[in-house]
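Asker: Next up, structure_35.txt (compact mmCIF, C-alpha atoms and all ligand atoms).
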```txt
# COMPACT_ATOMS: atom_id res chain seq x y z
CA MET A 1008 12.76 -3.17 12.38
CA SER A 1009 10.71 -0.60 14.26
CA GLU A 1010 12.60 1.44 16.85
CA PRO A 1011 11.13 1.73 20.39
CA GLY A 1012 10.18 5.33 21.17
CA SER A 1013 10.09 6.27 17.47
CA PRO A 1014 7.09 7.98 15.84
CA LEU A 1015 4.02 5.80 15.38
CA VAL A 1016 2.52 4.74 12.07
CA VAL A 1017 -0.96 3.26 12.30
CA VAL A 1018 -1.96 1.17 9.30
CA ILE A 1019 -5.67 0.45 9.01
CA GLY A 1020 -6.44 -2.04 6.28
CA SER A 1021 -6.64 -5.57 5.02
CA VAL A 1022 -5.07 -8.84 6.08
CA ASN A 1023 -5.18 -11.58 3.44
CA ILE A 1024 -3.81 -15.02 2.77
CA ASP A 1025 -2.45 -14.98 -0.79
CA HIS A 1026 -2.95 -17.99 -3.08
CA VAL A 1027 -0.44 -17.47 -5.86
CA VAL A 1028 -0.07 -19.29 -9.18
CA VAL A 1029 2.93 -18.58 -11.41
CA ALA A 1030 2.34 -19.24 -15.12
CA ASP A 1031 3.97 -18.35 -18.44
CA ALA A 1032 0.94 -16.39 -19.59
CA PHE A 1033 -2.42 -15.21 -18.27
CA PRO A 1034 -5.35 -17.39 -19.40
CA SER A 1035 -7.93 -15.65 -21.57
CA PRO A 1036 -11.60 -16.03 -20.56
CA GLY A 1037 -12.60 -19.63 -21.33
CA GLN A 1038 -8.97 -20.77 -21.73
CA THR A 1039 -7.05 -23.28 -19.56
CA VAL A 1040 -3.30 -22.90 -19.16
CA LEU A 1041 -0.78 -24.92 -17.14
CA GLY A 1042 0.83 -23.17 -14.19
CA ARG A 1043 4.45 -23.59 -13.12
CA THR A 1044 4.12 -23.32 -9.32
CA ALA A 1045 1.51 -22.60 -6.69
CA ARG A 1046 2.04 -21.32 -3.15
CA ILE A 1047 0.19 -19.83 -0.20
CA THR A 1048 1.76 -16.74 1.39
CA LEU A 1049 0.89 -13.85 3.69
CA GLY A 1050 -0.56 -10.73 2.09
CA GLY A 1051 -3.18 -8.02 2.15
CA LYS A 1052 -2.34 -4.48 1.11
CA GLY A 1053 -2.74 -3.24 4.67
CA ALA A 1054 -0.60 -5.95 6.24
CA ASN A 1055 2.07 -5.70 3.53
CA GLN A 1056 2.28 -1.94 4.06
CA ALA A 1057 2.52 -2.38 7.84
CA VAL A 1058 5.47 -4.76 7.41
CA ALA A 1059 7.15 -2.29 5.05
CA ALA A 1060 6.53 0.59 7.47
CA ALA A 1061 8.15 -1.34 10.31
CA SER A 1062 11.19 -1.94 8.09
CA GLY A 1063 11.37 1.86 7.72
CA GLY A 1064 12.42 2.18 11.35
CA VAL A 1065 9.28 3.44 13.11
CA ARG A 1066 6.79 1.91 15.53
CA THR A 1067 4.00 0.38 13.48
CA ALA A 1068 0.58 -0.78 14.61
CA MET A 1069 -1.93 -2.62 12.43
CA ILE A 1070 -5.69 -2.20 12.77
CA ALA A 1071 -7.55 -4.93 10.93
CA ARG A 1072 -10.26 -7.59 11.06
CA VAL A 1073 -9.49 -11.29 10.65
CA GLY A 1074 -11.54 -14.49 10.81
CA ASP A 1075 -11.67 -17.01 13.66
CA ASP A 1076 -9.59 -19.49 11.66
CA VAL A 1077 -6.02 -20.80 11.66
CA GLU A 1078 -5.17 -18.43 8.78
CA ALA A 1079 -5.68 -15.52 11.17
CA ASP A 1080 -3.12 -16.98 13.59
CA LYS A 1081 -0.61 -17.29 10.73
CA ALA A 1082 -1.30 -13.76 9.57
CA ARG A 1083 -0.87 -12.33 13.08
CA ALA A 1084 2.35 -14.30 13.61
CA GLY A 1085 3.72 -13.01 10.30
CA LEU A 1086 3.11 -9.42 11.36
CA VAL A 1087 4.58 -9.90 14.83
CA ALA A 1088 7.70 -11.49 13.31
CA GLU A 1089 8.27 -8.27 11.35
CA GLY A 1090 7.83 -6.02 14.39
CA VAL A 1091 4.22 -4.92 13.83
CA ASP A 1092 1.94 -4.40 16.86
CA VAL A 1093 -1.15 -6.58 16.32
CA HIS A 1094 -3.17 -5.72 19.44
CA ALA A 1095 -5.83 -4.14 17.23
CA VAL A 1096 -6.00 -7.01 14.74
CA THR A 1097 -9.44 -8.16 15.85
CA THR A 1098 -11.10 -11.54 15.37
CA VAL A 1099 -14.59 -11.47 13.82
CA PRO A 1100 -16.52 -14.51 15.13
CA GLY A 1101 -17.83 -16.73 12.33
CA ALA A 1102 -15.90 -14.87 9.62
CA GLU A 1103 -13.11 -16.10 7.39
CA THR A 1104 -9.82 -14.30 7.01
CA GLY A 1105 -9.59 -12.50 3.66
CA THR A 1106 -8.02 -14.30 0.73
CA ALA A 1107 -6.38 -13.08 -2.47
CA TRP A 1108 -6.18 -15.18 -5.62
CA ILE A 1109 -3.16 -14.06 -7.60
CA THR A 1110 -1.78 -15.01 -11.00
CA VAL A 1111 1.80 -13.99 -11.75
CA ALA A 1112 2.78 -14.09 -15.43
CA ALA A 1113 4.70 -12.10 -18.03
CA GLY A 1114 6.23 -9.76 -15.44
CA ASP A 1115 2.82 -8.70 -14.13
CA ASN A 1116 0.00 -9.96 -11.93
CA THR A 1117 -3.76 -10.11 -11.59
CA ILE A 1118 -5.48 -10.25 -8.19
CA ILE A 1119 -8.99 -11.13 -7.05
CA VAL A 1120 -9.66 -10.48 -3.35
CA VAL A 1121 -12.38 -12.23 -1.35
CA SER A 1122 -12.79 -9.81 1.53
CA GLY A 1123 -14.12 -12.03 4.35
CA ALA A 1124 -13.46 -10.38 7.72
CA ASN A 1125 -11.84 -7.36 6.04
CA HIS A 1126 -15.35 -6.07 5.33
CA GLN A 1127 -16.84 -6.70 8.78
CA TRP A 1128 -16.43 -3.64 11.02
CA PRO A 1129 -18.64 -1.89 13.56
CA SER A 1130 -20.92 0.51 11.70
CA GLU A 1131 -19.97 3.58 13.75
CA GLY A 1132 -17.30 5.01 16.04
CA ASP A 1133 -13.57 5.56 15.71
CA PRO A 1134 -12.15 2.42 14.07
CA THR A 1135 -8.68 3.33 15.33
CA ASP A 1136 -9.97 3.32 18.93
CA GLY A 1137 -7.91 6.39 19.79
CA ALA A 1138 -4.70 5.31 18.05
CA GLY A 1139 -5.37 7.76 15.22
CA ALA A 1140 -5.00 10.64 17.67
CA GLU A 1141 -1.57 9.39 18.80
CA ALA A 1142 -0.06 8.46 15.42
CA ALA A 1143 2.27 10.66 13.40
CA VAL A 1144 0.81 9.01 10.30
CA VAL A 1145 -2.37 7.03 9.70
CA LEU A 1146 -2.19 5.02 6.48
CA ALA A 1147 -5.20 3.40 4.81
CA GLN A 1148 -6.01 1.58 1.57
CA LEU A 1149 -9.31 0.54 -0.03
CA GLU A 1150 -9.54 -3.18 0.79
CA ILE A 1151 -11.72 -2.28 3.79
CA PRO A 1152 -15.07 -0.44 3.60
CA LEU A 1153 -14.88 3.19 2.46
CA ASP A 1154 -16.82 4.45 5.48
CA VAL A 1155 -14.23 2.86 7.81
CA VAL A 1156 -11.47 4.65 5.88
CA GLN A 1157 -13.41 7.91 6.21
CA ARG A 1158 -13.87 7.47 9.96
CA ALA A 1159 -10.16 6.65 10.35
CA ALA A 1160 -9.30 9.82 8.43
CA ALA A 1161 -11.56 11.84 10.73
CA ALA A 1162 -9.87 10.33 13.81
CA CYS A 1163 -6.37 11.12 12.55
CA ARG A 1164 -4.61 14.04 14.26
CA GLY A 1165 -1.29 13.58 12.45
CA ARG A 1166 -0.91 13.12 8.70
CA PHE A 1167 -3.44 10.98 6.85
CA LEU A 1168 -2.13 9.00 3.88
CA LEU A 1169 -4.41 7.09 1.52
CA ASN A 1170 -3.19 4.50 -0.95
CA ALA A 1171 -6.28 4.41 -3.21
CA ALA A 1172 -5.86 0.70 -4.04
CA PRO A 1173 -7.73 -1.15 -5.44
CA ALA A 1174 -8.80 1.58 -7.88
CA ALA A 1175 -12.07 3.35 -7.04
CA GLU A 1176 -13.78 6.68 -7.37
CA LEU A 1177 -13.50 8.69 -4.16
CA PRO A 1178 -15.70 11.35 -2.53
CA ASP A 1179 -14.21 14.86 -2.38
CA GLU A 1180 -14.58 14.81 1.40
CA LEU A 1181 -12.07 11.95 1.67
CA ILE A 1182 -9.68 13.38 -0.93
CA SER A 1183 -9.65 16.67 0.96
CA ARG A 1184 -8.59 14.81 4.12
CA CYS A 1185 -5.49 13.31 2.39
CA ASP A 1186 -2.15 14.81 3.35
CA VAL A 1187 -0.75 12.51 0.68
CA LEU A 1188 -2.79 10.52 -1.84
CA ILE A 1189 -0.77 7.63 -3.30
CA VAL A 1190 -1.87 5.92 -6.54
CA ASN A 1191 -0.51 3.95 -9.46
CA GLU A 1192 -1.58 4.85 -12.99
CA HIS A 1193 -4.73 2.68 -12.85
CA GLU A 1194 -5.80 4.19 -9.52
CA GLN A 1195 -4.92 7.69 -10.69
CA ALA A 1196 -7.15 7.20 -13.75
CA ALA A 1197 -10.04 5.90 -11.61
CA VAL A 1198 -9.77 8.58 -8.91
CA SER A 1199 -9.40 11.47 -11.31
CA GLY A 1200 -11.73 10.22 -14.06
CA GLN A 1201 -9.06 9.80 -16.75
CA PRO A 1202 -10.23 7.60 -19.66
CA ASP A 1203 -7.40 5.02 -19.66
CA ALA A 1204 -4.42 4.01 -17.55
CA GLU A 1205 -1.94 3.79 -20.43
CA SER A 1206 -2.20 7.47 -21.33
CA ALA A 1207 -2.53 8.32 -17.61
CA LYS A 1208 1.16 7.32 -17.26
CA GLU A 1209 2.42 10.21 -19.39
CA PRO A 1210 4.12 12.83 -17.20
CA ALA A 1211 1.86 15.60 -18.52
CA ALA A 1212 -1.23 13.50 -17.74
CA VAL A 1213 0.10 12.70 -14.27
CA ARG A 1214 0.73 16.39 -13.56
CA LYS A 1215 -2.74 17.29 -14.80
CA ALA A 1216 -4.33 14.62 -12.58
CA HIS A 1217 -2.29 15.79 -9.59
CA ALA A 1218 -3.42 19.38 -10.15
CA ALA A 1219 -7.05 18.22 -10.32
CA LEU A 1220 -6.72 16.12 -7.17
CA ARG A 1221 -5.07 19.02 -5.32
CA ALA A 1222 -7.92 21.25 -6.47
CA ARG A 1223 -10.25 18.71 -4.80
CA GLY A 1224 -8.29 19.08 -1.57
CA ALA A 1225 -5.43 16.52 -1.54
CA LYS A 1226 -2.39 18.34 -0.17
CA ALA A 1227 0.18 16.21 -2.02
CA VAL A 1228 -0.11 13.42 -4.57
CA VAL A 1229 2.23 10.57 -5.55
CA THR A 1230 1.81 8.41 -8.65
CA THR A 1231 3.98 5.28 -8.73
CA LEU A 1232 4.82 4.22 -12.28
CA GLY A 1233 6.69 0.93 -11.95
CA GLU A 1234 9.75 0.88 -14.17
CA ALA A 1235 9.21 4.60 -14.88
CA GLY A 1236 9.69 5.57 -11.21
CA ALA A 1237 7.28 7.98 -9.57
CA ILE A 1238 5.96 11.53 -9.89
CA ILE A 1239 5.46 13.48 -6.68
CA THR A 1240 3.53 16.72 -6.41
CA ASP A 1241 4.39 18.42 -3.13
CA THR A 1242 2.20 20.61 -0.92
CA ASP A 1243 3.41 23.73 -2.77
CA GLY A 1244 2.36 22.28 -6.14
CA THR A 1245 5.89 21.48 -7.31
CA SER A 1246 6.08 18.22 -9.29
CA THR A 1247 9.21 16.06 -9.36
CA GLU A 1248 9.92 12.97 -11.45
CA LEU A 1249 11.96 10.38 -9.57
CA PRO A 1250 13.53 7.54 -11.59
CA ALA A 1251 13.09 3.87 -10.77
CA VAL A 1252 15.97 1.77 -9.53
CA PRO A 1253 16.76 -0.80 -12.26
CA ALA A 1254 15.87 -4.33 -11.12
CA ALA A 1255 15.48 -7.81 -12.61
CA VAL A 1256 11.74 -8.31 -12.15
CA VAL A 1257 10.56 -11.64 -10.74
CA ASP A 1258 7.19 -10.65 -9.24
CA THR A 1259 5.66 -7.18 -9.04
CA THR A 1260 3.05 -8.20 -6.42
CA GLY A 1261 3.36 -5.95 -3.38
CA ALA A 1262 5.89 -3.53 -4.90
CA GLY A 1263 3.42 -0.67 -4.42
CA ASP A 1264 2.87 -1.79 -0.82
CA ALA A 1265 6.63 -1.78 -0.17
CA PHE A 1266 6.83 1.76 -1.57
CA THR A 1267 3.84 3.00 0.41
CA GLY A 1268 4.79 1.48 3.77
CA VAL A 1269 8.36 2.76 3.69
CA PHE A 1270 7.20 6.15 2.40
CA ALA A 1271 4.71 6.46 5.29
CA ALA A 1272 7.35 5.43 7.82
CA ARG A 1273 9.87 7.97 6.62
CA LEU A 1274 7.29 10.79 6.56
CA ALA A 1275 6.43 9.89 10.16
CA ALA A 1276 10.14 10.01 10.98
CA GLY A 1277 10.36 13.57 9.62
CA ASP A 1278 11.85 13.03 6.15
CA SER A 1279 10.77 15.30 3.30
CA LEU A 1280 8.28 13.99 0.75
CA LEU A 1281 11.04 13.48 -1.83
CA ALA A 1282 13.46 11.81 0.58
CA ALA A 1283 10.70 9.47 1.78
CA ALA A 1284 9.72 8.69 -1.82
CA ARG A 1285 13.30 7.81 -2.75
CA LEU A 1286 13.42 5.26 0.07
CA GLY A 1287 10.01 3.98 -1.00
CA ILE A 1288 11.27 3.47 -4.55
CA ALA A 1289 14.29 1.62 -3.18
CA ALA A 1290 11.94 -0.69 -1.24
CA GLY A 1291 9.78 -1.25 -4.34
CA SER A 1292 12.87 -2.12 -6.38
CA LEU A 1293 13.79 -4.81 -3.86
CA ALA A 1294 10.24 -6.15 -3.69
CA VAL A 1295 10.06 -6.93 -7.43
CA ARG A 1296 13.23 -9.05 -7.29
CA VAL A 1297 11.67 -11.77 -5.12
CA PRO A 1298 8.46 -13.80 -5.25
CA GLY A 1299 5.59 -12.88 -2.94
CA ALA A 1300 4.07 -9.68 -1.67
CA ARG A 1301 6.36 -8.80 1.20
CA HIS A 1302 9.63 -10.71 1.42
CA HIS A 1303 12.23 -8.10 0.61
CA HIS A 1304 13.61 -7.90 4.19
CA ALA A 1305 15.46 -4.63 3.71
CA ASP A 1306 16.62 -2.55 6.64
CA LEU A 1307 16.87 1.21 6.53
CA ASP A 1308 20.62 1.25 5.84
CA THR A 1309 20.11 -0.97 2.79
CA LEU A 1310 17.29 1.25 1.54
CA ARG A 1311 19.43 4.36 2.04
CA ALA A 1312 22.33 2.78 0.13
CA ILE A 1313 20.03 1.98 -2.81
CA ALA A 1314 18.39 5.41 -2.72
CA SER A 1315 21.79 7.09 -2.81
CA THR A 1316 22.34 5.59 -6.28
CA MET A 1317 19.30 7.49 -7.63
CA GLY A 1318 21.06 10.83 -7.95
CA LYS A 1319 19.54 14.21 -7.18
CA ASP A 1320 16.44 15.83 -8.71
O1 LIG B 1401 -0.81 -5.45 -3.18
C1 LIG B 1401 -0.66 -6.85 -3.13
C2 LIG B 1401 -1.73 -7.44 -2.24
O2 LIG B 1401 -2.98 -7.20 -2.84
C3 LIG B 1401 -1.65 -8.92 -2.07
O3 LIG B 1401 -0.86 -9.31 -0.98
C4 LIG B 1401 -3.10 -9.34 -1.96
O4 LIG B 1401 -3.43 -9.86 -0.69
C5 LIG B 1401 -3.91 -8.11 -2.29
O5 LIG B 1401 -4.41 -7.53 -1.16
```
Please rewrite the model in this file as structure tokens.
Answerer:
Amino acid sequence: MSEPGSPLVVVIGSVNIDHVVVADAFPSPGQTVLGRTARITLGGKGANQAVAAASGGVRTAMIARVGDDVEADKARAGLVAEGVDVHAVTTVPGAETGTAWITVAAGDNTIIVVSGANHQWPSEGDPTDGAGAEAAVVLAQLEIPLDVVQRAAAACRGRFLLNAAPAAELPDELISRCDVLIVNEHEQAAVSGQPDAESAKEPAAVRKAHAALRARGAKAVVTTLGEAGAIITDTDGTSTELPAVPAAVVDTTGAGDAFTGVFAARLAAGDSLLAAARLGIAAGSLAVRVPGARHHHADLDTLRAIASTMGKD
């Protein structure tokens, strides 16, 4: 849980209600398959990352847009229960809270997001309403409009972290504002123009992409690689491969969010990039063991105990 008086992480991003179907296999286009279970849970990359950041032991505030529906009340309550400040989770009159439509199968997932209120923001001004100037870290993703992310980056006086998810091409101006750019292999390929995500996972390809992104102005870059761990290129250009923590995978949804939120929290708390990434990997390894996007419920001591099993670089 977040500690009173601790550094502040501001997460600006999406709040969704996740509609999840678990099946044995993904349907092909035109095919019908039978699912095993269906459930409705709390999600949104922004909200998931805020919950993870709060579990990393820092004050965490969420800036988001939700609909004027009962789903918004549930989403707010879910954040408050995990210690996230929701004063800047704003209702958009007449809008619906964002939804995500998720299929979990074969150890992987597919997600379609219907943005709803997540894409309804004022067209100008500081979307953090001053919080970006107070925060040690401002963390954003790409489930809200790009111009809102850019204005949040401009308002940030601490470190600005961008999780470039879902995958998109990014303007150099935004990349150059990133103290840390966090991507998986798909997002790395999209951001750096690599032809395909499978070859983008190779360590040499990751290093090459990191060098290119640093040349465009990102100060540090992290690529999360699932069962292959993560590669971190620090502000001095040094790249380090960190291993994954072995885990029996139930549902990978939200594992990247668990990594990113805890990573942001620990950077805000003063940890090094590598120490923060180790704790992020520990959080990701817990997230894949349970269904849903955010129910790993780890405290910092648990994360540290798991990270200590990873060995040194
Ligand atoms: O990263 C997982 C999240 O992506 C889900 O919770 C869903 O809401 C989508 O935003």
Asker: If I take atom O5 of ligand LIG 1401 (chain B) and CA of Ile1118 in chain A, how far is one from the other in Å, to one decimal?
Answerer: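 Atom-to-atom, atom O5 of ligand LIG 1401 (chain B) to CA of Ile1118 in chain A, that is 7.6 Å.
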Asker: Could you give me, as a list of chain:residue names, the residues within 7 Å of Leu1149 in chain A, counting only C-alpha atoms and dropping anything in the same chain fewer than 3 positions from it?
Answerer: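 Listing them by chain and then by number gives A:Pro1152, A:Leu1153, A:Ala1171, A:Ala1172, A:Pro1173.
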Asker: Which of these, A:Asp1258, A:Glu1205, A:Glu1010, A:Asp1278, has the shortest distance to Arg1301 in chain A once you count all atoms listed in the file?
Answerer: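 That would be A:Asp1258, the residue with the smallest distance to Arg1301 in chain A.
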Asker: Mind pulling up the distance from CA of Lys1081 in chain A to CA of Val1120 in chain A?
Answerer: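 A separation of 18.1 Å between them.
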Asker: At a cut-off of 10 Å around ligand LIG 1401 (chain B), and using only C-alpha atoms and all ligand atoms, what residues come up? Please write them as a ChimeraX atom specification.
Answerer: /A:1020-1027,1048-1056,1105-1109,1116-1122,1148-1150,1172-1173,1259-1265,1299-1301
Asker: Counting only C-alpha atoms, what is within 12 Å of Asp1154 in chain A, bar same-chain residues fewer than 6 positions away, as number ranges by chain?
Answerer: A: 1126-1134, 1147-1148, 1160-1161, 1177-1178, 1180-1181
Asker: Would you mind reading off the distance between CA of Val1073 in chain A and CA of Glu1103 in chain A, one decimal, in Å?
Answerer: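 The value is 6.8 Å.
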Asker: Name the closest residue to Val1145 in chain A among the candidates A:Ala1275, A:Ala1235, A:Leu1220, A:Val1257; distances are taken between atoms, counting only C-alpha atoms.
Answerer: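 Of the candidates, the smallest distance to Val1145 in chain A is held by A:Ala1275.
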Asker: Determine, counting all atoms listed in the file, which protein, DNA and RNA residues have an atom within 9 Å of an atom of Ala1102 in chain A; residues of the same chain fewer than 6 positions away are not included. Present the result as a list of chain:residue names.
Answerer: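 Surrounding residues, per the criterion: A:Val1073, A:Gly1074, A:Asp1075, A:Asp1076, A:Gly1123, A:Ala1124, A:Gln1127.
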Asker: Generate a file of the selected residues that holds C-alpha atoms, formatted as a CSV table (one decimal), in the frame of the given file.
Answerer:
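The resulting part_1.csv:
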```
chain,number,residue,atom,x,y,z
A,1073,VAL,CA,-9.5,-11.3,10.6
A,1074,GLY,CA,-11.5,-14.5,10.8
A,1075,ASP,CA,-11.7,-17.0,13.7
A,1076,ASP,CA,-9.6,-19.5,11.7
A,1123,GLY,CA,-14.1,-12.0,4.4
A,1124,ALA,CA,-13.5,-10.4,7.7
A,1127,GLN,CA,-16.8,-6.7,8.8
```
Asker: Could you please give me, as a ChimeraX atom specification, the residues of protein, DNA or RNA lying at most 12 Å from (-3.9, 17.1, -8.6) in the coordinate frame of the file, considering only C-alpha atoms?
Answerer: /A:1182-1183,1185,1187-1190,1195-1196,1198-1200,1211-1230,1238-1246
Asker: Between A:Val1256, A:Ala1294, A:Ala1305, A:Ala1143, single out the one closest to Arg1164 in chain A, counting only C-alpha atoms.
Answerer: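 Under the stated criterion, the closest residue is A:Ala1143.
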Asker: I'd like to know which of A:Ala1162, A:Val1029, A:Val1144, A:Ala1255 is closest to Asp1186 in chain A, using only C-alpha atoms.
Answerer: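 Closest to Asp1186 in chain A of all the choices is A:Val1144.
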Asker: Which residues, written as a PyMOL selection string, have at least one atom at most 8 Å from Leu1086 in chain A, with all atoms listed in the file counted and residues fewer than 4 positions away on the same chain left out?
Answerer: chain A and resi 1054+1057-1058+1082+1090-1093
Asker: Which residues are close to range 1033-1037 of chain A, i.e. within 10 Å by all atoms listed in the file, leaving aside same-chain residues fewer than 6 positions away? Reply as a PyMOL selection string.
Answerer: chain A and resi 1110-1113+1115-1117
Asker: Give me a file of those residues, with C-alpha atoms, as a PDB file, in the coordinates of the input.
Answerer:
```pdb
ATOM      1  CA  THR A1110      -1.780 -15.010 -11.000  1.00  0.00           C
ATOM      2  CA  VAL A1111       1.800 -13.990 -11.750  1.00  0.00           C
ATOM      3  CA  ALA A1112       2.780 -14.090 -15.430  1.00  0.00           C
ATOM      4  CA  ALA A1113       4.700 -12.100 -18.030  1.00  0.00           C
ATOM      5  CA  ASP A1115       2.820  -8.700 -14.130  1.00  0.00           C
ATOM      6  CA  ASN A1116       0.000  -9.960 -11.930  1.00  0.00           C
ATOM      7  CA  THR A1117      -3.760 -10.110 -11.590  1.00  0.00           C
TER       8      THR A1117
END
```
Asker: Just checking: using all atoms listed in the file, which residue out of A:Gly1291, A:Asn1125, A:Leu1281, A:Leu1286 ends up closest to Val1099 in chain A?
Answerer: A:Asn1125
Asker: Choose the residue, out of A:Leu1041, A:Val1016, A:Ala1284, A:Ala1059, that has the smallest atom-to-atom separation from Ala1140 in chain A; count only C-alpha atoms.
Answerer: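 Among A:Leu1041, A:Val1016, A:Ala1284, A:Ala1059, it is A:Val1016 that comes nearest to Ala1140 in chain A.
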Asker: Keeping all heavy atoms, write range 1278-1285 of chain A of the structure just shown out as a PDB file, in the first residue's frame.
Answerer:
```pdb
ATOM      1  N   ASP A1278      15.062   4.132  -6.152  1.00  0.00           N
ATOM      2  CA  ASP A1278      15.813   2.942  -6.575  1.00  0.00           C
ATOM      3  C   ASP A1278      16.498   3.202  -7.922  1.00  0.00           C
ATOM      4  O   ASP A1278      16.042   4.032  -8.715  1.00  0.00           O
ATOM      5  CB  ASP A1278      14.878   1.733  -6.738  1.00  0.00           C
ATOM      6  CG  ASP A1278      14.363   1.209  -5.409  1.00  0.00           C
ATOM      7  OD1 ASP A1278      14.667   1.812  -4.360  1.00  0.00           O
ATOM      8  OD2 ASP A1278      13.642   0.193  -5.421  1.00  0.00           O
ATOM      9  N   SER A1279      17.561   2.429  -8.190  1.00  0.00           N
ATOM     10  CA  SER A1279      18.194   2.492  -9.509  1.00  0.00           C
ATOM     11  C   SER A1279      17.259   1.870 -10.548  1.00  0.00           C
ATOM     12  O   SER A1279      16.314   1.142 -10.199  1.00  0.00           O
ATOM     13  CB  SER A1279      19.513   1.718  -9.501  1.00  0.00           C
ATOM     14  OG  SER A1279      19.234   0.333  -9.393  1.00  0.00           O
ATOM     15  N   LEU A1280      17.576   2.114 -11.813  1.00  0.00           N
ATOM     16  CA  LEU A1280      16.772   1.534 -12.894  1.00  0.00           C
ATOM     17  C   LEU A1280      16.729   0.007 -12.793  1.00  0.00           C
ATOM     18  O   LEU A1280      15.673  -0.615 -12.939  1.00  0.00           O
ATOM     19  CB  LEU A1280      17.401   1.946 -14.225  1.00  0.00           C
ATOM     20  CG  LEU A1280      16.482   2.380 -15.342  1.00  0.00           C
ATOM     21  CD1 LEU A1280      15.732   3.641 -14.993  1.00  0.00           C
ATOM     22  CD2 LEU A1280      17.270   2.592 -16.625  1.00  0.00           C
ATOM     23  N   LEU A1281      17.894  -0.599 -12.533  1.00  0.00           N
ATOM     24  CA  LEU A1281      17.943  -2.069 -12.490  1.00  0.00           C
ATOM     25  C   LEU A1281      17.220  -2.617 -11.267  1.00  0.00           C
ATOM     26  O   LEU A1281      16.506  -3.623 -11.355  1.00  0.00           O
ATOM     27  CB  LEU A1281      19.391  -2.562 -12.501  1.00  0.00           C
ATOM     28  CG  LEU A1281      20.123  -2.422 -13.833  1.00  0.00           C
ATOM     29  CD1 LEU A1281      21.533  -2.987 -13.733  1.00  0.00           C
ATOM     30  CD2 LEU A1281      19.357  -3.127 -14.946  1.00  0.00           C
ATOM     31  N   ALA A1282      17.390  -1.962 -10.118  1.00  0.00           N
ATOM     32  CA  ALA A1282      16.697  -2.433  -8.912  1.00  0.00           C
ATOM     33  C   ALA A1282      15.187  -2.318  -9.094  1.00  0.00           C
ATOM     34  O   ALA A1282      14.427  -3.229  -8.728  1.00  0.00           O
ATOM     35  CB  ALA A1282      17.155  -1.629  -7.698  1.00  0.00           C
ATOM     36  N   ALA A1283      14.749  -1.205  -9.679  1.00  0.00           N
ATOM     37  CA  ALA A1283      13.313  -1.018  -9.918  1.00  0.00           C
ATOM     38  C   ALA A1283      12.798  -2.056 -10.906  1.00  0.00           C
ATOM     39  O   ALA A1283      11.703  -2.605 -10.748  1.00  0.00           O
ATOM     40  CB  ALA A1283      13.061   0.397 -10.444  1.00  0.00           C
ATOM     41  N   ALA A1284      13.594  -2.364 -11.932  1.00  0.00           N
ATOM     42  CA  ALA A1284      13.164  -3.344 -12.935  1.00  0.00           C
ATOM     43  C   ALA A1284      13.064  -4.746 -12.330  1.00  0.00           C
ATOM     44  O   ALA A1284      12.156  -5.513 -12.673  1.00  0.00           O
ATOM     45  CB  ALA A1284      14.122  -3.347 -14.119  1.00  0.00           C
ATOM     46  N   ARG A1285      13.969  -5.074 -11.435  1.00  0.00           N
ATOM     47  CA  ARG A1285      13.882  -6.391 -10.780  1.00  0.00           C
ATOM     48  C   ARG A1285      12.563  -6.543 -10.020  1.00  0.00           C
ATOM     49  O   ARG A1285      11.915  -7.582 -10.078  1.00  0.00           O
ATOM     50  CB  ARG A1285      15.047  -6.581  -9.807  1.00  0.00           C
ATOM     51  CG  ARG A1285      16.306  -7.015 -10.455  1.00  0.00           C
ATOM     52  CD  ARG A1285      17.244  -7.655  -9.420  1.00  0.00           C
ATOM     53  NE  ARG A1285      18.510  -7.874 -10.062  1.00  0.00           N
ATOM     54  CZ  ARG A1285      19.437  -6.931 -10.208  1.00  0.00           C
ATOM     55  NH1 ARG A1285      19.249  -5.734  -9.691  1.00  0.00           N
ATOM     56  NH2 ARG A1285      20.539  -7.200 -10.845  1.00  0.00           N
TER      57      ARG A1285
END
```
